[in-house]
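work_19.tsv follows (TSV, C-alpha atoms):
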chain	number	residue	atom	x	y	z
N	10	MET	CA	19.75	-10.61	-0.06
N	11	LEU	CA	22.08	-8.00	1.43
N	12	LEU	CA	20.23	-5.38	3.44
N	13	ASN	CA	21.74	-1.97	4.03
N	14	PRO	CA	20.97	-0.27	7.37
N	15	TYR	CA	17.41	1.02	7.45
N	16	ARG	CA	14.55	1.91	9.76
N	17	ILE	CA	11.00	0.71	9.36
N	18	ALA	CA	7.93	2.10	11.08
N	19	SER	CA	6.39	0.06	13.89
N	20	ARG	CA	2.90	0.49	12.41
N	21	PRO	CA	1.12	1.45	9.20
N	22	VAL	CA	0.28	5.08	8.40
N	23	SER	CA	-3.00	6.10	10.07
N	24	ASN	CA	-6.02	7.82	8.54
N	25	ALA	CA	-5.19	10.98	10.52
N	26	GLU	CA	-1.64	11.01	9.13
N	27	TYR	CA	-2.92	10.46	5.62
N	28	ARG	CA	-5.49	13.22	6.07
N	29	SER	CA	-2.54	15.59	6.76
N	30	PHE	CA	-1.10	14.66	3.36
N	31	ILE	CA	-4.44	15.54	1.73
N	32	ALA	CA	-4.72	18.81	3.70
N	33	ASP	CA	-1.22	19.80	2.55
N	34	GLY	CA	-2.33	19.49	-1.09
N	35	GLY	CA	-0.93	16.00	-1.61
N	36	TYR	CA	-3.28	15.25	-4.51
N	37	ARG	CA	-2.54	18.62	-6.16
N	38	ARG	CA	1.26	18.62	-5.89
N	39	PRO	CA	3.01	16.68	-8.67
N	40	GLU	CA	6.40	16.83	-6.95
N	41	PHE	CA	5.41	13.95	-4.66
N	42	TRP	CA	4.18	11.60	-7.37
N	43	LEU	CA	5.75	9.12	-9.75
N	44	SER	CA	4.91	10.22	-13.32
N	45	ASP	CA	2.44	7.38	-13.98
N	46	GLY	CA	0.79	8.02	-10.62
N	47	TRP	CA	0.41	11.74	-11.30
N	48	ALA	CA	-1.16	10.95	-14.68
N	49	ARG	CA	-3.62	8.62	-12.91
N	50	VAL	CA	-4.48	11.30	-10.31
N	51	GLN	CA	-5.19	13.74	-13.14
N	52	ASP	CA	-7.11	11.32	-15.37
N	53	GLU	CA	-9.29	9.86	-12.61
N	54	ASN	CA	-9.58	12.94	-10.36
N	55	TRP	CA	-8.26	11.19	-7.26
N	56	GLU	CA	-8.61	13.35	-4.13
N	57	ALA	CA	-8.42	10.77	-1.34
N	58	PRO	CA	-8.21	7.00	-0.82
N	59	LEU	CA	-10.90	4.96	-2.50
N	60	TYR	CA	-14.09	4.79	-0.40
N	61	TRP	CA	-13.42	8.03	1.54
N	62	LEU	CA	-16.61	10.00	1.02
N	63	LYS	CA	-17.10	13.71	0.47
N	64	ASP	CA	-18.85	15.62	3.23
N	65	GLY	CA	-21.67	18.11	2.68
N	66	ASP	CA	-19.17	20.96	2.30
N	67	GLY	CA	-17.23	19.07	-0.39
N	68	SER	CA	-14.31	18.17	1.87
N	69	THR	CA	-13.11	14.59	2.05
N	70	GLY	CA	-12.42	12.35	4.98
N	71	GLU	CA	-15.10	12.28	7.70
N	72	ASN	CA	-16.95	9.23	6.39
N	73	VAL	CA	-15.83	6.09	4.63
N	74	PHE	CA	-17.72	3.33	2.87
N	75	THR	CA	-16.87	-0.01	4.52
N	76	LEU	CA	-18.05	-3.61	4.40
N	77	ALA	CA	-20.48	-2.54	7.15
N	78	GLY	CA	-21.78	0.45	5.15
N	79	VAL	CA	-20.97	4.12	5.70
N	80	GLN	CA	-19.00	4.70	8.90
N	81	LEU	CA	-17.13	7.55	10.53
N	82	LEU	CA	-13.49	7.42	9.51
N	83	ASP	CA	-11.41	6.20	12.46
N	84	PRO	CA	-8.41	8.56	12.62
N	85	HIS	CA	-6.31	5.92	14.41
N	86	ALA	CA	-6.99	3.05	11.99
N	87	PRO	CA	-4.54	2.37	9.17
N	88	ALA	CA	-5.22	4.25	5.96
N	89	GLU	CA	-6.43	1.70	3.45
N	90	HIS	CA	-7.58	1.37	-0.15
N	91	VAL	CA	-4.59	3.32	-1.42
N	92	SER	CA	-2.73	2.48	-4.59
N	93	PHE	CA	1.02	1.98	-4.83
N	94	TYR	CA	1.13	5.42	-6.42
N	95	GLU	CA	-0.60	6.98	-3.42
N	96	ALA	CA	1.63	5.06	-1.01
N	97	ALA	CA	4.79	6.22	-2.81
N	98	ALA	CA	3.54	9.83	-2.96
N	99	TYR	CA	2.70	9.81	0.74
N	100	ALA	CA	6.14	8.38	1.58
N	101	ASN	CA	7.83	11.06	-0.53
N	102	TRP	CA	5.74	13.78	1.16
N	103	ALA	CA	6.67	12.36	4.58
N	104	GLY	CA	10.39	12.41	3.74
N	105	ALA	CA	10.56	8.63	3.79
N	106	ARG	CA	10.16	5.76	1.34
N	107	LEU	CA	8.40	2.44	1.05
N	108	PRO	CA	10.40	-0.54	2.29
N	109	THR	CA	11.62	-3.18	-0.11
N	110	GLU	CA	9.92	-6.51	0.32
N	111	PHE	CA	13.18	-7.91	1.72
N	112	GLU	CA	13.41	-5.17	4.35
N	113	TRP	CA	9.76	-5.70	5.23
N	114	GLU	CA	10.18	-9.47	5.64
N	115	ALA	CA	13.36	-9.14	7.70
N	116	ALA	CA	11.70	-6.66	10.08
N	117	ALA	CA	8.26	-8.34	10.24
N	118	PRO	CA	8.97	-10.42	13.37
N	119	HIS	CA	9.48	-7.13	15.25
N	120	PHE	CA	6.16	-5.43	14.45
N	121	ALA	CA	2.47	-6.27	14.24
N	122	HIS	CA	1.01	-6.68	10.77
N	123	GLY	CA	-2.16	-7.98	9.20
N	124	GLU	CA	-4.50	-4.99	9.41
N	125	VAL	CA	-3.78	-3.90	5.84
N	126	TRP	CA	-1.68	-5.27	3.02
N	127	GLU	CA	1.39	-3.02	2.90
N	128	TRP	CA	2.90	-1.80	-0.34
N	129	THR	CA	6.60	-2.33	-0.85
N	130	ARG	CA	8.92	-0.67	-3.36
N	131	SER	CA	9.59	-4.07	-4.95
N	132	ALA	CA	8.33	-5.26	-8.30
N	133	TYR	CA	6.65	-8.66	-8.37
N	134	ASP	CA	9.50	-10.43	-10.09
N	135	PRO	CA	10.49	-14.07	-9.67
N	136	TYR	CA	13.03	-14.96	-7.03
N	137	PRO	CA	16.34	-16.34	-8.38
N	138	GLY	CA	15.85	-19.95	-9.47
N	139	PHE	CA	12.06	-19.63	-9.78
N	140	LYS	CA	10.33	-22.27	-11.85
N	141	ALA	CA	6.58	-22.24	-12.44
N	142	PHE	CA	4.62	-25.14	-10.95
N	143	ALA	CA	3.06	-27.63	-13.33
N	144	GLY	CA	-0.69	-27.96	-13.58
N	145	VAL	CA	-3.30	-25.47	-12.43
N	146	ALA	CA	-0.84	-23.40	-10.34
N	147	ALA	CA	1.28	-22.71	-13.44
N	148	GLU	CA	-1.51	-20.53	-14.79
N	149	TYR	CA	-1.37	-18.38	-11.66
N	150	ASN	CA	2.17	-18.15	-10.39
N	151	GLY	CA	4.26	-17.18	-13.39
N	152	LYS	CA	2.20	-15.15	-15.82
N	153	PHE	CA	1.48	-12.28	-13.43
N	154	MET	CA	5.15	-11.47	-12.84
N	155	ILE	CA	5.03	-8.30	-14.91
N	156	GLY	CA	3.83	-4.79	-14.12
N	157	GLN	CA	2.83	-5.59	-10.53
N	158	MET	CA	4.13	-4.43	-7.15
N	159	VAL	CA	4.57	-6.56	-4.02
N	160	LEU	CA	2.44	-6.14	-0.90
N	161	ARG	CA	3.12	-7.84	2.40
N	162	GLY	CA	1.31	-8.44	5.69
N	163	GLY	CA	-2.29	-9.46	5.07
N	164	SER	CA	-5.46	-7.57	5.94
N	165	SER	CA	-8.65	-7.88	7.94
N	166	VAL	CA	-10.19	-9.89	5.09
N	167	THR	CA	-7.20	-12.13	4.33
N	168	PRO	CA	-7.82	-15.86	4.75
N	169	PRO	CA	-5.76	-17.21	7.70
N	170	GLY	CA	-3.61	-19.41	5.46
N	171	HIS	CA	-2.41	-16.39	3.54
N	172	ALA	CA	-1.73	-14.13	6.53
N	173	ARG	CA	1.95	-14.75	7.11
N	174	SER	CA	5.01	-12.57	6.74
N	175	THR	CA	6.44	-14.62	3.87
N	176	TYR	CA	3.36	-14.39	1.64
N	177	ARG	CA	3.88	-12.27	-1.48
N	178	ASN	CA	0.74	-10.53	-2.61
N	179	PHE	CA	0.81	-8.46	-5.78
N	180	PHE	CA	-1.31	-5.89	-7.56
N	181	PRO	CA	-0.83	-3.36	-10.35
N	182	PRO	CA	0.35	0.01	-9.02
N	183	GLN	CA	-2.96	1.76	-9.71
N	184	ALA	CA	-5.09	-0.81	-7.78
N	185	ARG	CA	-7.01	0.80	-4.92
N	186	TRP	CA	-9.82	-1.62	-4.07
N	187	GLN	CA	-7.65	-4.04	-2.06
N	188	PHE	CA	-7.26	-3.45	1.69
N	189	SER	CA	-3.82	-1.95	1.05
N	190	GLY	CA	-1.95	0.55	3.17
N	191	ILE	CA	1.43	2.11	3.87
N	192	ARG	CA	4.35	1.38	6.19
N	193	LEU	CA	7.25	3.80	5.91
N	194	ALA	CA	10.96	3.10	5.84
N	195	SER	CA	14.11	5.20	5.70
N	196	ASP	CA	17.83	4.71	5.27
N	197	ILE	CA	20.11	5.09	8.27
Could you show the structure in this file as structure tokens?
Amino acid sequence: MLLNPYRIASRPVSNAEYRSFIADGGYRRPEFWLSDGWARVQDENWEAPLYWLKDGDGSTGENVFTLAGVQLLDPHAPAEHVSFYEAAAYANWAGARLPTEFEWEAAAPHFAHGEVWEWTRSAYDPYPGFKAFAGVAAEYNGKFMIGQMVLRGGSSVTPPGHARSTYRNFFPPQARWQFSGIRLASDI
């Protein structure tokens, strides 16, 4: 795969950075969103990442529901439980883009990863020459190669055998429940 010159962030987008997107009207401004994403925001009344809780005054973002129950949102931790649509909208708002999976994999040895799965701008399509495995794996590895986006990196709940830079995770673009976050890229 030929890679054009690009930059990729050294870390995922933090909760504090994502909170700035929300404060700037990110969930009310259609110009940042892909059309399907904007329709989802409207239909499901998204206002923040999944599991961010509303405060007493109706604002969002001081508390988050975690595997350990309700906790204060750590402003320095990676934003997580965002859909591909939210990741793409945030990148657009930030004047950047999501990396392709090939850019992400090429750069991965130069940055830490594994706190959150990171959305890429790549569809979960087969690599050239792909052939489905026979047996039980055939059910899994070929039939999901439609309508899904690639995530890379692993998360805090990823089994060790799956936490490697070459692992291709995939989810539909509206999925928010996975420990998924954002790493920005830009062209040079």
Would you list the contacts of Leu12 of chain N as JSON, numbers by chain, taking every protein, DNA or RNA residue within 7 Å and counting only C-alpha atoms, but skipping same-chain residues closer than 2 positions in sequence? {"N": [10, 14, 112]}
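Every protein, DNA or RNA residue with an atom at most 12 Å from Glu110 of chain N, where all atoms listed in the file count and chain neighbours fewer than 6 positions away do not, is listed here: Met10, Leu12, Ile17, Ala116, Ala117, Trp126, Glu127, Trp128, Thr129, Arg130, Ser131, Ala132, Tyr133, Asp134, Tyr136, Met158, Val159, Leu160, Arg161, Gly162, Ser174, Thr175, Tyr176, Arg177, Asn178, Phe179, Arg192 and Ala194 of chain N.
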Restrict the selected residues to C-alpha atoms and save them as a compact mmCIF listing (two decimals), in the frame of the given file.
# COMPACT_ATOMS: atom_id res chain seq x y z
CA MET N 10 19.75 -10.61 -0.06
CA LEU N 12 20.23 -5.38 3.44
CA ILE N 17 11.00 0.71 9.36
CA ALA N 116 11.70 -6.66 10.08
CA ALA N 117 8.26 -8.34 10.24
CA TRP N 126 -1.68 -5.27 3.02
CA GLU N 127 1.39 -3.02 2.90
CA TRP N 128 2.90 -1.80 -0.34
CA THR N 129 6.60 -2.33 -0.85
CA ARG N 130 8.92 -0.67 -3.36
CA SER N 131 9.59 -4.07 -4.95
CA ALA N 132 8.33 -5.26 -8.30
CA TYR N 133 6.65 -8.66 -8.37
CA ASP N 134 9.50 -10.43 -10.09
CA TYR N 136 13.03 -14.96 -7.03
CA MET N 158 4.13 -4.43 -7.15
CA VAL N 159 4.57 -6.56 -4.02
CA LEU N 160 2.44 -6.14 -0.90
CA ARG N 161 3.12 -7.84 2.40
CA GLY N 162 1.31 -8.44 5.69
CA SER N 174 5.01 -12.57 6.74
CA THR N 175 6.44 -14.62 3.87
CA TYR N 176 3.36 -14.39 1.64
CA ARG N 177 3.88 -12.27 -1.48
CA ASN N 178 0.74 -10.53 -2.61
CA PHE N 179 0.81 -8.46 -5.78
CA ARG N 192 4.35 1.38 6.19
CA ALA N 194 10.96 3.10 5.84
Atomic separation - atom CA of Ala98 of chain N relative to atom CA of Ser44 of chain N, Å: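 Straight-line distance from atom CA of Ser44 of chain N to atom CA of Ala98 of chain N works out to 10.5 Å.
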In file coordinates, which residues lie within 10 Å of (-10.5, -7.4, 9.1) using all atoms listed in the file, given as a VMD selection string? chain N and resid 76 123 to 125 163 to 168 188
Could you produce a table of the residues of segment 121-184 of chain N lying within 12 Å of segment 47-52 of chain N, with the nearest pair of atoms per residue and their separation in Å rounded to one decimal, using all atoms listed in the file, ordered by chain and increasing residue number, as a Markdown table?
| residue | atom | partner | partner_atom | distance |
| --- | --- | --- | --- | --- |
| N:Pro182 | CA | N:Arg49 | CA | 10.2 |
| N:Gln183 | CA | N:Arg49 | CA | 7.6 |
| N:Ala184 | CA | N:Arg49 | CA | 10.8 |
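The shortest atom-to-atom distance to Trp186 of chain N, with only C-alpha atoms taken into account, belongs to N:Thr75 out of N:Ser23, N:Thr75, N:Asn13, N:Ser68.
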Between atom CA of Ala115 of chain N and atom CA of Pro135 of chain N - distance in Å to one decimal: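 So the answer is 18.3 Å.
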Separation of atom CA of Ala77 of chain N from atom CA of Trp61 of chain N, in Å and rounded to one decimal: 13.9 Å
The residue from N:Pro169, N:Ala86, N:Ala141, N:Tyr60 with the smallest atom-to-atom distance to Phe74 of chain N, counting only C-alpha atoms, is N:Tyr60
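Between His85 of chain N and the candidates N:Phe180, N:Tyr27, N:Trp102, N:Phe153, the tightest atom-to-atom separation, counting all atoms listed in the file, involves N:Tyr27.
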I need the residue nearest Ile197 of chain N from this list: N:Ser19, N:Val79, N:Ala105, N:Phe41. Use all atoms listed in the file for the distance.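 Nearest candidate to Ile197 of chain N out of N:Ser19, N:Val79, N:Ala105, N:Phe41: N:Ala105.
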Nearest to Gly190 of chain N among N:Val91, N:Ile31, N:Ile155, N:Leu59, with distances taken over all atoms listed in the file: which residue is it?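 Of the candidates, the smallest distance to Gly190 of chain N is held by N:Val91.
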Counting only C-alpha atoms, the option among N:Leu193, N:Ala121, N:Val145, N:Ala96 closest to Gly35 of chain N: N:Ala96
Slice of the block: segment 65-155 of chain N, C-alpha atoms, as a compact mmCIF listing (two decimals), in the first residue's frame:
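File produced: result06.txt:
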# COMPACT_ATOMS: atom_id res chain seq x y z
CA GLY N 65 -27.95 18.25 37.88
CA ASP N 66 -28.02 21.38 35.71
CA GLY N 67 -28.57 19.32 32.54
CA SER N 68 -25.04 19.75 31.24
CA THR N 69 -23.05 16.72 30.14
CA GLY N 70 -19.60 15.57 31.01
CA GLU N 71 -18.69 15.63 34.71
CA ASN N 72 -19.58 12.00 35.42
CA VAL N 73 -19.35 8.85 33.38
CA PHE N 74 -20.72 5.36 33.90
CA THR N 75 -17.82 2.87 33.89
CA LEU N 76 -17.24 -0.80 34.64
CA ALA N 77 -16.59 0.39 38.22
CA GLY N 78 -19.86 2.35 38.39
CA VAL N 79 -20.31 6.13 38.19
CA GLN N 80 -16.99 7.97 38.27
CA LEU N 81 -15.77 11.50 37.70
CA LEU N 82 -14.77 11.93 34.08
CA ASP N 83 -10.97 12.05 33.84
CA PRO N 84 -10.20 14.98 31.51
CA HIS N 85 -6.83 13.47 30.56
CA ALA N 86 -8.10 9.98 29.70
CA PRO N 87 -8.93 9.14 26.09
CA ALA N 88 -12.49 9.88 25.04
CA GLU N 89 -14.20 6.54 24.59
CA HIS N 90 -17.53 5.00 23.63
CA VAL N 91 -17.77 7.16 20.53
CA SER N 92 -19.12 5.95 17.21
CA PHE N 93 -17.31 6.26 13.90
CA TYR N 94 -19.74 9.08 13.13
CA GLU N 95 -18.71 10.95 16.28
CA ALA N 96 -15.03 10.31 15.58
CA ALA N 97 -15.34 11.63 12.01
CA ALA N 98 -17.33 14.68 13.17
CA TYR N 99 -14.75 15.47 15.85
CA ALA N 100 -11.92 15.14 13.32
CA ASN N 101 -13.72 17.46 10.91
CA TRP N 102 -14.33 19.99 13.71
CA ALA N 103 -10.64 19.79 14.68
CA GLY N 104 -9.51 20.46 11.10
CA ALA N 105 -8.08 16.97 10.78
CA ARG N 106 -9.24 13.53 9.67
CA LEU N 107 -9.18 9.95 10.84
CA PRO N 108 -6.17 7.94 9.66
CA THR N 109 -6.58 5.10 7.21
CA GLU N 110 -5.90 1.71 8.71
CA PHE N 111 -2.71 1.52 6.64
CA GLU N 112 -1.45 4.85 7.98
CA TRP N 113 -2.33 3.76 11.51
CA GLU N 114 -0.49 0.43 11.18
CA ALA N 115 2.60 2.02 9.61
CA ALA N 116 2.83 4.60 12.41
CA ALA N 117 1.87 2.29 15.31
CA PRO N 118 5.45 1.35 16.28
CA HIS N 119 6.06 5.05 17.02
CA PHE N 120 3.22 5.67 19.49
CA ALA N 121 1.54 4.00 22.44
CA HIS N 122 -1.80 2.36 21.80
CA GLY N 123 -4.15 0.00 23.57
CA GLU N 124 -6.16 2.32 25.81
CA VAL N 125 -9.06 2.55 23.35
CA TRP N 126 -9.81 0.98 20.00
CA GLU N 127 -9.20 3.75 17.46
CA TRP N 128 -11.49 4.36 14.53
CA THR N 129 -9.91 4.56 11.10
CA ARG N 130 -11.37 5.96 7.88
CA SER N 131 -11.14 2.51 6.30
CA ALA N 132 -14.03 0.21 5.51
CA TYR N 133 -13.71 -3.37 6.72
CA ASP N 134 -13.09 -4.85 3.30
CA PRO N 135 -11.01 -7.92 2.52
CA TYR N 136 -7.35 -7.47 1.74
CA PRO N 137 -6.34 -8.37 -1.85
CA GLY N 138 -6.20 -12.16 -2.20
CA PHE N 139 -8.40 -12.80 0.84
CA LYS N 140 -9.98 -16.22 1.07
CA ALA N 141 -12.29 -17.20 3.92
CA PHE N 142 -11.04 -19.96 6.22
CA ALA N 143 -12.84 -23.28 6.14
CA GLY N 144 -14.74 -24.50 9.16
CA VAL N 145 -15.96 -22.45 12.09
CA ALA N 146 -13.81 -19.40 11.24
CA ALA N 147 -15.50 -19.11 7.83
CA GLU N 148 -18.70 -18.06 9.57
CA TYR N 149 -16.87 -15.18 11.24
CA ASN N 150 -14.21 -13.82 8.94
CA GLY N 151 -15.94 -13.24 5.62
CA LYS N 152 -19.59 -12.46 6.17
CA PHE N 153 -19.03 -9.29 8.20
CA MET N 154 -17.05 -7.54 5.45
CA ILE N 155 -19.87 -5.16 4.61
